[in-house]
2 protein chains.
Amino acid sequence: MVGEQSSHSDTTASARSGLDLTERQRTVLRAVVEDYVLSAVPVGSRALVDRYRLLVSSATVRSAMAELEALGLLSHPHTSAGRVPSDLGYRVYVESLMREASLDRSDQLMIRHQFSQVQLTSNEWLRLAASILAGSTRSAAVVTPAKARRARFGHLQLVELGDQTRLAVLVLADGNVVQRRLDRAVLERAMAGEPLGQAHLDAAAATINADFAGLTGPQIRRRAAKLTGLAAHAAEVVASLVEDADTVAVEEVFTDGIGNVLEQPEFAEGAKLRGVLEVLQRSDFLEQLVPVLARRGGVTVIIGHENANDAMHEVSLVFAPYGAPGGALGLLGVLGPTRMPYPRAIPTVRYLATLMNELITSHHGGDA
Amino acid sequence: MVGEQSSHSDTTASARSGLDLTERQRTVLRAVVEDYVLSAVPVGSRALVDRYRLLVSSATVRSAMAELEALGLLSHPHTSAGRVPSDLGYRVYVESLMREASLDRSDQLMIRHQFSQVQLTSNEWLRLAASILAGSTRSAAVVTPAKARRARFGHLQLVELGDQTRLAVLVLADGNVVQRRLDRAVLERAMAGEPLGQAHLDAAAATINADFAGLTGPQIRRRAAKLTGLAAHAAEVVASLVEDADTVAVEEVFTDGIGNVLEQPEFAEGAKLRGVLEVLQRSDFLEQLVPVLARRGGVTVIIGHENANDAMHEVSLVFAPYGAPGGALGLLGVLGPTRMPYPRAIPTVRYLATLMNELITSHHGGDA
DNA sequence: ATTAGCACTCTCACCCTAAGAGTGCCAACG
DNA sequence: CGTTGGCACTCTTAGGGTGAGAGTGCTAAT
């Protein structure tokens with residue numbers, strides 16, 4: 001479920017969960033967050049009373065606000081501005097104040113329909129998922145391909161390409177396809193004149209396919225020692241491809257809707273987003289996120305400074321893992337300013353994660 | 001070579017080529033462009049004389065500037081600001097004033113080295129190319145995969161994935177790999193209980209591989225009629241995959257360095273980039289660019305309003321096609337503000353295009 | 001043709017002020 | 001005692017005015 005990430009709490013757990021707030025404080029905090037998310041303008045006591053038909057005076061709201069500020073849930077840009085939720089304030093809101101705007105049936109159907117329109121290729125799915133996420137939350141969306149924690153060999157194909165090159169196409173056990181061009185020079189050296197026609201390639205691939213299904217990189221490497229000729233060389237390549245797939249947890253990232261974020265007033269000066277984009281490109285950020293999300297399961301919300309990376313201190317992430325249980329694992333979610341429409345983003349991310357789960361398990365049938 | 005794109009010229013061709021400019025006008029225009037590209041600040045007559053050691057007075061420069069403005073090559077933000085190059089001014093600069101800063105040997109070697117570090121997978125190449133372009137021009141880079149104008153079948157592999165799904169992995173004649181999951185329901189209906197073990201899959205693939213190499217989508221569809229059972233179904237899928245590859249000219253776009261552009265003062269308000277990002281995502285923009293670039297060959301520079309798309313009126317593109325001659329074709333280049341360091345960008349794009357050409361032809365051996 | 005000089009224009013940074021929003025506190029009220 | 005109206009106070013923001021500076025265009029002299 002929804003939950004906090006860590007760790008840096010200098011405030012009591014009970015404050016964070018919002019359990020010891022009075023009913024009034026809860027109402028006020030909720031109103032402040034919701035108003036601020038909509039307007040992006042610090043919200044004052046008077047405006048709150050007016051807009052939310054609170055049945056108390058602005059003075060009362062003021063005192064509640066002061067209490068909330070003392071608790072670290074609200075903050076003050078300057079003396080005479082309204083209040084703004086702090087990261088912790090958003091946290092409490094997400095954790096115990098928010099009423100999720102569940103996706104209505106028609107939205108769900110529309111999304112499902114879009115997926116049914118598309119050819120059954122995983123990359124298309126990912127692109128589409130990112131596009132839907134971005135469009136329906138007006139934030140930036142990020143989707144990574146699902147891949148197994150431990151890469152295992154599935155099936156090899158060696159193809160003659162033109163007359164100069166050979167291409168190794170490898171299907172991993174988790175359904176991902178990786179390829180590598182075999183360098184002609186290396187190949188010739190290794191083969192010492194042995195013919196490399198399609199028939200020979202097929203034979204070598206068949207040898208490997210028969211023997212190596214389900215093995216990991218090191219296991220393949222061990223058995224490859226027993227082979228000779230083209231098959232040995234191919235096995236070497238296979239092993240290295242499988243190992244590569246193992247070490248790189250997130251290799252490709254599909255993003256969409258960065259423009260949405262640029263439109264938000266907090267990123268009006270575009271340079272602010274620069275750091276975020278760089279971090280996203282440098283894939284180790286998402287890589288580190290994988291185990292965290294996987295462990296927690298469901299939708300995880302990471303708000304502002306809860307983010308480990310400095311560059312991400314002004315954005316929030318709403319992410320979920322997806323994939324076959326115990327098998328392939330991918331990430332998907334949205335990124336926006338901390339002033340994010342959580343009640344919309346969270347169910348959308350959740351729905352898309354379950355949808356991708358379905359697609360993967362039904363079309364792929366899990367994984368060894 | 002470098003050249004203009006079109007077409008909208010309400011000024012004479014000779015003015016555009018800058019041929020009828022006096023030597024002084026040429027010097028001044030060059031200095032204005034180069035100064036403005038560096039400083040992003042409108043440049044005045046006095047500053048020009050000082051910084052570029054022109055051996056004339058500022059008054060002389062002023063009159064030259066006035067002439068250039070009359071020709072539409074410079075413009076005036078307001079009465080008392082310096083001059084700024086117009087799109088046309090940049091055009092003339094690029095066309096006949098610029099001295100290209102050719103990539104020095106060490107840069108070339110460094111780039112080459114980076115490519116040699118990377119595994120021989122085309123996607124990695126593309127990502128790397130984008131990253132190098134972005135880094136070395138401080139602009140945004142865009143790279144699209146090379147694919148044949150006319151998709152032809154190369155090699156098919158059918159793989160059993162888990163026990164529920166079958167995966168078709170198709171190597172096109174141009175070396176690209178596409179895949180499609182075969183929907184279990186459809187498969188079962190089509191096969192009516194025919195077994196779908198790996199051996200059967202291999203047999204079906206072998207049939208198709210033996211017969212269909214080098215064929216286009218429609219050709220495959222025609223021959224597929226003679227097949228039955230699994231092979232017929234597979235041929236159907238192959239045909240549709242090949243046709244898909246035919247219709248979608250640009251399917252995936254690798255970008256990098258968007259942050260670089262956000263840093264430029266002209267895009268300080270990030271929202272300005274929004275439209276550009278959207279156009280880039282909507283792939284038909286690049287798609288339309290493909291034939292234009294291919295016809296012209298070499299590096300094409302498109303400056304500001306020369307751009308067909310309204311959203312791109314404030315950016316320049318420096319792009320080149322790459323690929324095997326007459327075969328696979330891809331695009332690569334950079335996108336930045338019109339105030340772009342053309343003398344740096346153009347040779348870099350050119351070098352990367354030739355490099356990609358080399359990689360493709362040497363490792364892949366051309367294409368049918 | 002080039003140049004020095006000069007009047008003119010426009011922006012930009014600065015300061016000042018007034019208006020407005022919002023707070024915090026306090027005393028009064030039910 | 002929680003709630004409320006009132007009020008003084010603070011701080012931002014927008015607007016207007018000003019002076020400096022940059023840059024131009026023109027003209028007359030070389």
# chains A, B, ... in the order shown; residues from 1 in each chain; ligands from 1
call {"tool": "interface_residues", "arguments": {"of": "chain A", "to": "chain C", "cutoff": "10 Å", "atoms": "only C-alpha atoms (C1' of nucleotides)", "output": "list in words"}}
result
Val43, Gly44, Ser45, Arg46, Ala59, Arg62, Ser63, Ala66, His78, Thr79, Ser80, Ala81, Gly82 and Arg83 of chain A
call {"tool": "write_last_selection", "arguments": {"atoms": "C-alpha atoms", "output": "short mmCIF file (atom, residue, chain, number, x, y, z; two decimals), in the first residue's frame"}}
result
data_model
loop_
_atom_site.label_atom_id
_atom_site.label_comp_id
_atom_site.auth_asym_id
_atom_site.auth_seq_id
_atom_site.Cartn_x
_atom_site.Cartn_y
_atom_site.Cartn_z
CA VAL A 43 -3.27 29.46 1.49
CA GLY A 44 -4.47 31.77 4.23
CA SER A 45 -6.88 31.18 7.06
CA ARG A 46 -9.57 33.37 5.61
CA ALA A 59 -8.97 32.92 13.97
CA ARG A 62 -5.19 30.29 12.40
CA SER A 63 -4.55 28.68 15.72
CA ALA A 66 -0.03 27.44 14.13
CA HIS A 78 7.30 34.47 5.05
CA THR A 79 5.49 36.25 7.83
CA SER A 80 2.56 37.45 5.95
CA ALA A 81 1.98 34.71 3.44
CA GLY A 82 -0.38 31.81 3.79
CA ARG A 83 0.67 28.33 4.75
#
call {"tool": "calpha_fit_and_write", "arguments": {"fixed": "chain A", "moving": "chain B", "output": "CSV table (one decimal) with C-alpha atoms, in the first residue's frame"}}
result
chain,number,residue,atom,x,y,z
B,1,MET,CA,0.1,0.0,0.1
B,2,VAL,CA,0.9,3.6,0.3
B,3,GLY,CA,3.6,4.3,2.7
B,4,GLU,CA,6.6,6.4,3.6
B,5,GLN,CA,10.1,5.5,2.6
B,6,SER,CA,12.4,6.2,5.4
B,7,SER,CA,14.1,7.0,8.0
B,8,HIS,CA,15.1,10.6,8.5
B,9,SER,CA,12.4,11.1,11.1
B,10,ASP,CA,13.3,13.6,13.7
B,11,THR,CA,9.6,13.7,14.5
B,12,THR,CA,7.8,11.0,16.3
B,13,ALA,CA,6.2,8.3,14.3
B,14,SER,CA,2.9,9.1,15.7
B,15,ALA,CA,3.1,12.6,14.4
B,16,ARG,CA,4.0,11.3,11.0
B,17,SER,CA,1.1,9.0,10.9
B,18,GLY,CA,-1.1,11.9,11.9
B,19,LEU,CA,-2.8,9.8,14.5
B,20,ASP,CA,-2.5,12.2,17.3
B,21,LEU,CA,-3.9,15.2,15.4
B,22,THR,CA,-7.2,16.6,16.5
B,23,GLU,CA,-10.1,16.3,14.2
B,24,ARG,CA,-9.9,20.0,13.5
B,25,GLN,CA,-6.2,19.8,12.7
B,26,ARG,CA,-6.8,17.0,10.3
B,27,THR,CA,-9.6,18.9,8.6
B,28,VAL,CA,-7.4,22.0,8.2
B,29,LEU,CA,-4.4,20.1,7.0
B,30,ARG,CA,-6.4,18.3,4.5
B,31,ALA,CA,-8.0,21.5,3.2
B,32,VAL,CA,-4.6,23.3,3.1
B,33,VAL,CA,-3.1,20.5,1.1
B,34,GLU,CA,-5.9,20.2,-1.3
B,35,ASP,CA,-6.2,23.9,-1.9
B,36,TYR,CA,-2.5,24.3,-2.4
B,37,VAL,CA,-2.3,21.4,-4.8
B,38,LEU,CA,-4.9,23.1,-6.9
B,39,SER,CA,-3.9,26.6,-6.7
B,40,ALA,CA,-0.1,26.6,-6.1
B,41,VAL,CA,-0.7,29.6,-4.0
B,42,PRO,CA,0.0,29.7,-0.2
B,43,VAL,CA,-3.4,29.4,1.5
B,44,GLY,CA,-4.6,31.7,4.2
B,45,SER,CA,-7.1,31.1,7.0
B,46,ARG,CA,-9.8,33.3,5.6
B,47,ALA,CA,-9.7,31.7,2.2
B,48,LEU,CA,-9.8,28.3,3.7
B,49,VAL,CA,-12.9,29.0,5.7
B,50,ASP,CA,-14.6,30.5,2.7
B,51,ARG,CA,-13.7,27.8,0.2
B,52,TYR,CA,-14.2,24.8,2.4
B,53,ARG,CA,-17.3,25.9,4.3
B,54,LEU,CA,-15.6,25.2,7.6
B,55,LEU,CA,-18.0,26.0,10.3
B,56,VAL,CA,-15.5,28.0,12.4
B,57,SER,CA,-14.0,31.4,12.2
B,58,SER,CA,-10.7,32.2,10.5
B,59,ALA,CA,-9.2,32.8,13.9
B,60,THR,CA,-9.9,29.2,14.9
B,61,VAL,CA,-8.3,28.0,11.7
B,62,ARG,CA,-5.4,30.3,12.4
B,63,SER,CA,-4.7,28.7,15.7
B,64,ALA,CA,-5.0,25.2,14.2
B,65,MET,CA,-2.6,26.3,11.5
B,66,ALA,CA,-0.2,27.5,14.1
B,67,GLU,CA,-0.3,24.1,15.8
B,68,LEU,CA,0.2,22.3,12.6
B,69,GLU,CA,3.2,24.5,11.9
B,70,ALA,CA,4.6,23.7,15.3
B,71,LEU,CA,4.3,20.0,14.4
B,72,GLY,CA,6.2,20.7,11.2
B,73,LEU,CA,3.3,19.9,8.9
B,74,LEU,CA,2.9,23.3,7.5
B,75,SER,CA,5.2,26.1,6.8
B,76,HIS,CA,5.3,29.8,6.2
B,77,PRO,CA,7.0,31.3,3.2
B,78,HIS,CA,7.0,34.6,5.1
B,79,THR,CA,5.2,36.4,7.9
B,80,SER,CA,2.2,37.5,5.9
B,81,ALA,CA,1.7,34.8,3.4
B,82,GLY,CA,-0.6,31.8,3.8
B,83,ARG,CA,0.5,28.3,4.7
B,84,VAL,CA,2.1,25.7,2.5
B,85,PRO,CA,2.3,22.0,3.3
B,86,SER,CA,5.8,20.8,4.3
B,87,ASP,CA,7.0,17.4,3.0
B,88,LEU,CA,6.0,16.0,6.2
B,89,GLY,CA,2.6,17.5,5.8
B,90,TYR,CA,2.1,15.9,2.5
B,91,ARG,CA,3.3,12.6,4.1
B,92,VAL,CA,0.6,12.8,6.7
B,93,TYR,CA,-1.9,13.7,4.1
B,94,VAL,CA,-1.0,10.8,1.9
B,95,GLU,CA,-0.9,8.5,4.8
B,96,SER,CA,-4.1,9.2,6.6
B,97,LEU,CA,-6.0,12.2,5.3
B,98,MET,CA,-6.4,11.6,1.6
B,99,ARG,CA,-9.5,10.1,0.1
B,100,GLU,CA,-8.3,8.4,-3.0
B,101,ALA,CA,-10.2,9.3,-6.1
B,102,SER,CA,-10.5,5.8,-7.4
B,103,LEU,CA,-10.3,5.5,-11.1
B,104,ASP,CA,-13.8,5.2,-12.3
B,105,ARG,CA,-14.9,2.3,-14.5
B,106,SER,CA,-14.9,4.3,-17.7
B,107,ASP,CA,-11.3,5.5,-17.2
B,108,GLN,CA,-10.3,1.9,-16.6
B,109,LEU,CA,-12.0,0.7,-19.7
B,110,MET,CA,-10.5,3.5,-21.8
B,111,ILE,CA,-7.0,2.5,-20.6
B,112,ARG,CA,-7.7,-1.1,-21.2
B,113,HIS,CA,-9.0,-0.3,-24.7
B,114,GLN,CA,-5.8,1.6,-25.6
B,115,PHE,CA,-3.7,-1.4,-24.6
B,116,SER,CA,-5.9,-3.7,-26.7
B,117,GLN,CA,-5.3,-1.5,-29.7
B,118,VAL,CA,-1.6,-1.9,-29.6
B,119,GLN,CA,0.5,-4.8,-31.0
B,120,LEU,CA,1.6,-7.2,-28.4
B,121,THR,CA,5.2,-6.0,-28.1
B,122,SER,CA,6.5,-5.2,-24.7
B,123,ASN,CA,8.2,-2.0,-25.7
B,124,GLU,CA,4.9,-0.7,-27.1
B,125,TRP,CA,3.3,-1.5,-23.8
B,126,LEU,CA,5.8,0.4,-21.9
B,127,ARG,CA,5.6,3.4,-24.1
B,128,LEU,CA,1.9,3.3,-23.9
B,129,ALA,CA,1.9,3.0,-20.2
B,130,ALA,CA,4.1,6.0,-19.9
B,131,SER,CA,1.9,8.0,-22.1
B,132,ILE,CA,-1.2,7.1,-20.2
B,133,LEU,CA,0.4,7.8,-16.9
B,134,ALA,CA,1.6,11.2,-18.0
B,135,GLY,CA,-1.6,12.2,-19.6
B,136,SER,CA,-3.9,11.2,-16.8
B,137,THR,CA,-1.8,12.7,-14.0
B,138,ARG,CA,-0.4,15.7,-15.8
B,139,SER,CA,3.0,14.7,-14.5
B,140,ALA,CA,6.1,13.1,-15.9
B,141,ALA,CA,5.9,9.3,-16.2
B,142,VAL,CA,8.6,6.8,-16.0
B,143,VAL,CA,8.4,3.2,-17.0
B,144,THR,CA,11.2,0.6,-17.0
B,145,PRO,CA,11.0,-2.8,-18.7
B,146,ALA,CA,10.4,-5.8,-16.5
B,147,LYS,CA,13.2,-8.1,-16.2
B,148,ALA,CA,14.1,-11.0,-14.0
B,149,ARG,CA,16.3,-10.4,-11.0
B,150,ARG,CA,18.4,-13.3,-12.1
B,151,ALA,CA,18.8,-13.6,-15.9
B,152,ARG,CA,18.4,-17.1,-17.3
B,153,PHE,CA,19.0,-18.3,-20.8
B,154,GLY,CA,15.9,-19.1,-22.9
B,155,HIS,CA,16.6,-19.5,-26.5
B,156,LEU,CA,19.3,-18.5,-29.0
B,157,GLN,CA,19.2,-17.7,-32.6
B,158,LEU,CA,22.2,-17.0,-34.8
B,159,VAL,CA,21.5,-15.2,-38.0
B,160,GLU,CA,23.5,-14.5,-41.1
B,161,LEU,CA,23.2,-10.8,-41.8
B,162,GLY,CA,24.5,-9.7,-45.2
B,163,ASP,CA,27.7,-11.8,-45.7
B,164,GLN,CA,29.9,-10.0,-43.2
B,165,THR,CA,28.1,-10.2,-40.0
B,166,ARG,CA,26.4,-12.7,-37.7
B,167,LEU,CA,23.8,-11.6,-35.2
B,168,ALA,CA,23.1,-13.4,-32.0
B,169,VAL,CA,19.5,-12.9,-30.8
B,170,LEU,CA,18.9,-14.2,-27.4
B,171,VAL,CA,15.5,-14.7,-25.7
B,172,LEU,CA,15.9,-14.7,-22.0
B,173,ALA,CA,13.7,-16.9,-19.8
B,174,ASP,CA,11.9,-13.8,-18.6
B,175,GLY,CA,10.9,-13.0,-22.2
B,176,ASN,CA,13.2,-10.2,-22.8
B,177,VAL,CA,15.1,-10.2,-26.1
B,178,VAL,CA,18.7,-9.1,-26.3
B,179,GLN,CA,21.0,-9.1,-29.3
B,180,ARG,CA,24.6,-8.7,-30.1
B,181,ARG,CA,26.4,-8.3,-33.4
B,182,LEU,CA,29.3,-10.7,-33.7
B,183,ASP,CA,32.4,-8.9,-34.7
B,184,ARG,CA,33.6,-10.3,-37.9
B,185,ALA,CA,37.3,-10.0,-37.1
B,186,VAL,CA,36.8,-11.8,-33.8
B,187,LEU,CA,34.6,-14.4,-35.4
B,188,GLU,CA,37.1,-15.2,-38.1
B,189,ARG,CA,40.0,-15.5,-35.6
B,190,ALA,CA,38.0,-17.8,-33.4
B,191,MET,CA,36.7,-20.0,-36.2
B,192,ALA,CA,39.9,-20.2,-38.2
B,193,GLY,CA,38.1,-20.7,-41.4
B,194,GLU,CA,35.3,-22.8,-40.2
B,195,PRO,CA,32.3,-22.1,-42.4
B,196,LEU,CA,29.7,-19.8,-41.0
B,197,GLY,CA,26.7,-20.4,-43.2
B,198,GLN,CA,23.2,-20.3,-41.9
B,199,ALA,CA,23.1,-24.1,-41.6
B,200,HIS,CA,26.1,-24.1,-39.3
B,201,LEU,CA,24.7,-21.3,-37.3
B,202,ASP,CA,21.5,-23.2,-36.8
B,203,ALA,CA,23.4,-26.3,-35.7
B,204,ALA,CA,25.4,-24.4,-33.2
B,205,ALA,CA,22.3,-22.6,-31.8
B,206,ALA,CA,20.5,-25.9,-31.6
B,207,THR,CA,23.3,-27.4,-29.6
B,208,ILE,CA,23.1,-24.6,-27.1
B,209,ASN,CA,19.3,-24.5,-27.1
B,210,ALA,CA,19.1,-28.1,-26.3
B,211,ASP,CA,21.5,-27.9,-23.4
B,212,PHE,CA,21.4,-24.5,-21.8
B,213,ALA,CA,17.7,-23.6,-21.2
B,214,GLY,CA,17.2,-22.0,-17.8
B,215,LEU,CA,20.8,-21.6,-17.0
B,216,THR,CA,22.5,-18.5,-15.5
B,217,GLY,CA,25.5,-16.8,-16.9
B,218,PRO,CA,28.1,-18.7,-14.8
B,219,GLN,CA,26.5,-22.0,-15.4
B,220,ILE,CA,26.6,-21.5,-19.1
B,221,ARG,CA,30.2,-20.4,-18.9
B,222,ARG,CA,31.0,-23.7,-17.1
B,223,ARG,CA,29.3,-25.9,-19.7
B,224,ALA,CA,30.6,-23.9,-22.6
B,225,ALA,CA,34.1,-25.3,-21.8
B,226,LYS,CA,33.0,-28.6,-23.1
B,227,LEU,CA,32.0,-27.3,-26.5
B,228,THR,CA,34.2,-26.5,-29.5
B,229,GLY,CA,34.2,-24.5,-32.6
B,230,LEU,CA,31.3,-22.2,-33.4
B,231,ALA,CA,29.1,-23.5,-30.6
B,232,ALA,CA,31.8,-22.7,-28.1
B,233,HIS,CA,32.1,-19.2,-29.3
B,234,ALA,CA,28.4,-18.8,-29.4
B,235,ALA,CA,28.1,-20.1,-25.8
B,236,GLU,CA,30.7,-17.6,-24.8
B,237,VAL,CA,28.6,-14.8,-26.3
B,238,VAL,CA,25.5,-16.2,-24.7
B,239,ALA,CA,27.1,-16.3,-21.3
B,240,SER,CA,28.3,-12.8,-21.6
B,241,LEU,CA,24.9,-11.6,-22.7
B,242,VAL,CA,23.2,-13.3,-19.9
B,243,GLU,CA,25.7,-11.9,-17.4
B,244,ASP,CA,25.2,-8.4,-18.8
B,245,ALA,CA,21.5,-8.7,-18.4
B,246,ASP,CA,22.2,-9.7,-14.8
B,247,THR,CA,24.4,-6.8,-13.9
B,248,VAL,CA,22.3,-4.0,-15.5
B,249,ALA,CA,19.1,-3.8,-13.5
B,250,VAL,CA,17.5,-1.0,-15.4
B,251,GLU,CA,18.7,-0.6,-18.9
B,252,GLU,CA,16.1,1.4,-20.7
B,253,VAL,CA,13.8,4.0,-19.3
B,254,PHE,CA,10.7,5.2,-21.0
B,255,THR,CA,9.6,8.6,-20.0
B,256,ASP,CA,6.8,10.8,-21.1
B,257,GLY,CA,5.2,14.1,-20.1
B,258,ILE,CA,8.2,16.0,-19.0
B,259,GLY,CA,6.5,19.0,-20.6
B,260,ASN,CA,3.7,18.6,-18.0
B,261,VAL,CA,6.2,19.2,-15.2
B,262,LEU,CA,7.7,22.2,-17.0
B,263,GLU,CA,4.3,23.8,-17.0
B,264,GLN,CA,4.1,23.7,-13.2
B,265,PRO,CA,4.9,27.0,-11.6
B,266,GLU,CA,7.5,25.5,-9.4
B,267,PHE,CA,9.5,24.6,-12.4
B,268,ALA,CA,8.8,27.7,-14.4
B,269,GLU,CA,12.6,28.3,-14.4
B,270,GLY,CA,13.4,25.3,-16.4
B,271,ALA,CA,16.9,25.0,-15.0
B,272,LYS,CA,15.4,23.5,-11.8
B,273,LEU,CA,14.4,20.4,-13.7
B,274,ARG,CA,17.8,20.0,-15.1
B,275,GLY,CA,19.2,18.1,-12.2
B,276,VAL,CA,16.1,15.8,-12.1
B,277,LEU,CA,16.5,15.0,-15.7
B,278,GLU,CA,20.1,14.1,-15.3
B,279,VAL,CA,19.5,11.9,-12.3
B,280,LEU,CA,16.8,10.1,-14.3
B,281,GLN,CA,19.1,9.6,-17.2
B,282,ARG,CA,21.8,8.2,-14.9
B,283,SER,CA,20.0,5.0,-14.4
B,284,ASP,CA,21.5,4.0,-11.0
B,285,PHE,CA,18.9,6.1,-9.4
B,286,LEU,CA,16.1,3.9,-10.6
B,287,GLU,CA,18.2,0.9,-10.0
B,288,GLN,CA,18.5,1.7,-6.3
B,289,LEU,CA,14.8,2.2,-6.3
B,290,VAL,CA,14.0,-1.3,-7.5
B,291,PRO,CA,14.7,-3.3,-4.4
B,292,VAL,CA,13.0,-0.7,-2.2
B,293,LEU,CA,9.8,-0.7,-4.2
B,294,ALA,CA,9.9,-4.5,-4.6
B,295,ARG,CA,10.2,-5.0,-0.9
B,296,ARG,CA,7.4,-2.7,-0.1
B,297,GLY,CA,5.1,-3.8,-2.9
B,298,GLY,CA,2.1,-1.8,-4.0
B,299,VAL,CA,2.4,1.9,-4.5
B,300,THR,CA,5.2,3.8,-2.8
B,301,VAL,CA,5.1,7.5,-2.4
B,302,ILE,CA,8.4,9.4,-1.9
B,303,ILE,CA,8.0,13.1,-1.1
B,304,GLY,CA,10.5,15.8,-1.6
B,305,HIS,CA,13.3,15.4,0.9
B,306,GLU,CA,12.4,11.8,1.6
B,307,ASN,CA,14.2,11.3,-1.6
B,308,ALA,CA,17.8,10.1,-1.2
B,309,ASN,CA,19.1,12.1,-4.1
B,310,ASP,CA,19.6,15.8,-3.5
B,311,ALA,CA,18.5,16.7,-7.0
B,312,MET,CA,15.1,15.2,-6.3
B,313,HIS,CA,14.4,17.3,-3.2
B,314,GLU,CA,11.7,19.3,-4.9
B,315,VAL,CA,9.8,16.5,-6.6
B,316,SER,CA,7.7,13.6,-5.4
B,317,LEU,CA,7.6,10.1,-6.9
B,318,VAL,CA,4.6,7.8,-7.0
B,319,PHE,CA,5.9,4.5,-8.1
B,320,ALA,CA,5.0,0.8,-8.1
B,321,PRO,CA,6.8,-2.3,-9.1
B,322,TYR,CA,5.2,-4.6,-11.5
B,323,GLY,CA,6.0,-8.0,-13.0
B,324,ALA,CA,5.4,-11.7,-12.4
B,325,PRO,CA,5.6,-12.5,-8.7
B,326,GLY,CA,9.1,-13.7,-8.0
B,327,GLY,CA,10.0,-13.3,-11.6
B,328,ALA,CA,10.5,-10.4,-13.9
B,329,LEU,CA,10.3,-7.1,-12.2
B,330,GLY,CA,9.9,-3.6,-13.6
B,331,LEU,CA,9.1,-0.1,-12.3
B,332,LEU,CA,6.5,2.4,-13.2
B,333,GLY,CA,5.3,5.6,-11.8
B,334,VAL,CA,5.1,9.4,-12.1
B,335,LEU,CA,7.2,12.2,-11.1
B,336,GLY,CA,6.0,15.7,-10.3
B,337,PRO,CA,6.3,18.6,-7.9
B,338,THR,CA,5.7,17.7,-4.3
B,339,ARG,CA,2.5,19.7,-4.9
B,340,MET,CA,1.2,16.7,-6.7
B,341,PRO,CA,-2.4,15.4,-7.0
B,342,TYR,CA,-1.7,12.3,-5.0
B,343,PRO,CA,-5.3,11.2,-4.8
B,344,ARG,CA,-5.3,11.0,-8.6
B,345,ALA,CA,-1.8,9.8,-9.1
B,346,ILE,CA,-1.8,6.9,-6.6
B,347,PRO,CA,-4.8,5.0,-8.0
B,348,THR,CA,-3.6,5.6,-11.5
B,349,VAL,CA,-0.2,4.2,-10.8
B,350,ARG,CA,-1.7,1.3,-8.9
B,351,TYR,CA,-4.1,0.5,-11.8
B,352,LEU,CA,-1.4,0.6,-14.4
B,353,ALA,CA,0.8,-1.6,-12.3
B,354,THR,CA,-1.9,-4.3,-12.0
B,355,LEU,CA,-2.6,-3.9,-15.6
B,356,MET,CA,1.0,-4.5,-16.5
B,357,ASN,CA,1.0,-7.4,-14.1
B,358,GLU,CA,-1.9,-8.9,-16.0
B,359,LEU,CA,-0.3,-8.4,-19.4
B,360,ILE,CA,2.9,-9.9,-18.3
B,361,THR,CA,1.5,-13.0,-16.5
B,362,SER,CA,-1.3,-13.7,-18.9
B,363,HIS,CA,0.8,-13.3,-22.1
B,364,HIS,CA,3.9,-14.6,-20.8
B,365,GLY,CA,2.9,-17.2,-18.2
B,366,GLY,CA,5.3,-16.3,-15.5
B,367,ASP,CA,8.8,-17.3,-15.4
B,368,ALA,CA,11.2,-19.8,-14.0
call {"tool": "interface_residues", "arguments": {"of": "chain D", "to": "chain A", "cutoff": "9 Å", "atoms": "only C-alpha atoms (C1' of nucleotides)", "output": "number ranges by chain"}}
result
D: 3-5, 10-12
call {"tool": "select_by_dssp", "arguments": {"residues": "range 166-223 of chain A", "states": "helix (DSSP H, G or I)", "output": "number ranges by chain"}}
result
A: 184-191, 198-212, 217-223
call {"tool": "select_by_dssp", "arguments": {"residues": "range 172-350 of chain B", "states": "strand (DSSP E)", "output": "JSON, numbers by chain"}}
result
{"B": [172, 177, 178, 179, 180, 181, 182, 254, 255, 256, 300, 301, 302, 303, 315, 316, 317, 318, 319, 320, 321, 322, 328, 329, 330, 331, 332, 333, 334, 335, 336, 337]}
